[in-house]
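K.L.:
Okay, handing you the structure first.
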Amino acid sequence: MTEAQARAKLQKLLAVTLDRGAAPGEQANATRAIGALLQEHPHLRDMIAGVGDPTITSSAEESTDTFWKGVLIGAGAVVSTLGLLVLSSVFGHGHNSRD
């Protein structure tokens with residue numbers, strides 16, 4: 001994937017993580033995809049954080065803060081879902097119940 005393609009994909013994924021109407025699973029998937037994309041193209045981290053950009057505005061900083069809040073919410077949703085799955089597998093099958 002070229003840098004331009006990676007940049008375009010990152011912008012789309014960021015939009016999903018910031019979309020308050022997006023499903024938690026969709027946001028979690030976008031967050032994981034962003035992590036994988038940043039591992040492949042680590043220089044794109046500057047695009048998110050604005051590191052080294054002297055012209056960064058407060059709205060860009062707010063967008064970055066909102067992004068990371070979305071990442072945390074997505075991660076929380078994943079952990080919560082996994083916890084529910086574990087609990088339902090342990091307690092939800094009606095073991096020890098008799099007809």
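Chain labels run A, B, ... following the order of the structure tokens; each chain numbers its residues from 1, and ligands are numbered from 1 in the order shown.
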List as a ChimeraX atom specification the protein and nucleic acid residues near stretch 18-22 of chain A, meaning an atom at most 10 Å away when only C-alpha atoms are counted, but skip any in the same chain fewer than 5 places from it.

P.N.:
/A:13,27-28,63-64,66-71

K.L.:
Those same residues - N, CA and C atoms - I'd like them written as a short mmCIF file (atom, residue, chain, number, x, y, z; two decimals), in the first residue's frame.

P.N.:
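And here's result-v8.cif as it stands now:
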data_model
loop_
_atom_site.label_atom_id
_atom_site.label_comp_id
_atom_site.auth_asym_id
_atom_site.auth_seq_id
_atom_site.Cartn_x
_atom_site.Cartn_y
_atom_site.Cartn_z
N LEU A 13 -10.80 5.74 8.39
CA LEU A 13 -10.90 5.04 9.67
C LEU A 13 -11.06 6.02 10.83
N GLN A 27 -16.59 0.88 15.54
CA GLN A 27 -15.51 1.74 16.04
C GLN A 27 -14.32 0.91 16.51
N ALA A 28 -14.59 -0.20 17.16
CA ALA A 28 -13.50 -1.06 17.64
C ALA A 28 -12.73 -1.64 16.46
N SER A 63 -9.59 17.77 17.91
CA SER A 63 -9.89 16.59 17.10
C SER A 63 -9.03 15.40 17.53
N THR A 64 -7.77 15.67 17.83
CA THR A 64 -6.88 14.60 18.30
C THR A 64 -7.37 14.07 19.64
N THR A 66 -10.41 14.14 20.76
CA THR A 66 -11.64 13.40 20.48
C THR A 66 -11.33 12.04 19.89
N PHE A 67 -10.34 11.98 19.02
CA PHE A 67 -9.93 10.71 18.45
C PHE A 67 -9.51 9.73 19.54
N TRP A 68 -8.63 10.17 20.44
CA TRP A 68 -8.13 9.27 21.47
C TRP A 68 -9.23 8.88 22.44
N LYS A 69 -10.18 9.78 22.69
CA LYS A 69 -11.34 9.39 23.51
C LYS A 69 -12.13 8.30 22.80
N GLY A 70 -12.27 8.42 21.48
CA GLY A 70 -12.96 7.39 20.70
C GLY A 70 -12.22 6.07 20.75
N VAL A 71 -10.89 6.13 20.70
CA VAL A 71 -10.09 4.91 20.81
C VAL A 71 -10.33 4.24 22.15
#

K.L.:
Measure the distance from atom CA of A:Val78 to atom CA of A:Pro24 in Å and round it to one decimal.

P.N.:
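Answer for the atom CA of A:Val78 to atom CA of A:Pro24 separation: 8.0 Å.
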
K.L.:
At what distance in Å, to one decimal, does atom CA of A:Gly74 lie from atom CA of A:Thr31?

P.N.:
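Between atom CA of A:Thr31 and atom CA of A:Gly74 the gap is 7.0 Å.
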
K.L.:
For A:Arg32, find every residue with an atom within 12 Å (counting only C-alpha atoms), except residues of its own chain fewer than 2 positions away, and show them as a PyMOL selection string.

P.N.:
chain A and resi 10+13-14+16-17+25-30+34-39+71-72+74-75+78

K.L.:
Let's have the selection written as a compact mmCIF listing (two decimals), in the first residue's frame, with C-alpha atoms.

P.N.:
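Full text of out.txt as output:
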# COMPACT_ATOMS: atom_id res chain seq x y z
CA LEU A 10 -6.42 6.40 7.79
CA LEU A 13 -10.90 5.04 9.67
CA LEU A 14 -10.52 8.16 11.82
CA VAL A 16 -15.45 6.06 11.77
CA THR A 17 -13.86 6.34 15.23
CA GLY A 25 -18.12 -2.84 17.14
CA GLU A 26 -17.56 -0.75 14.03
CA GLN A 27 -15.51 1.74 16.04
CA ALA A 28 -13.50 -1.06 17.64
CA ASN A 29 -12.76 -2.58 14.23
CA ALA A 30 -11.67 0.82 12.92
CA ILE A 34 -5.73 2.06 12.59
CA GLY A 35 -3.26 0.26 14.85
CA ALA A 36 -2.31 -2.16 12.08
CA LEU A 37 -2.01 0.68 9.57
CA LEU A 38 0.23 2.69 11.90
CA GLN A 39 2.48 -0.32 12.39
CA VAL A 71 -10.09 4.91 20.81
CA LEU A 72 -10.57 4.47 24.55
CA GLY A 74 -13.76 1.49 21.41
CA ALA A 75 -11.27 -0.43 23.54
CA VAL A 78 -14.26 -4.56 23.16

K.L.:
Using only C-alpha atoms, which of the listed residues (A:Val90, A:Ala33, A:Leu44, A:Ala23) sits closest to A:Ala77?

P.N.:
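Between A:Val90, A:Ala33, A:Leu44, A:Ala23, the residue approaching A:Ala77 most closely is A:Ala23.
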
K.L.:
For the atom pair atom CA of A:Ser80 and atom CA of A:Glu40, what is the interatomic distance in Å to one decimal place?

P.N.:
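Going from atom CA of A:Ser80 over to atom CA of A:Glu40, I get 28.0 Å.
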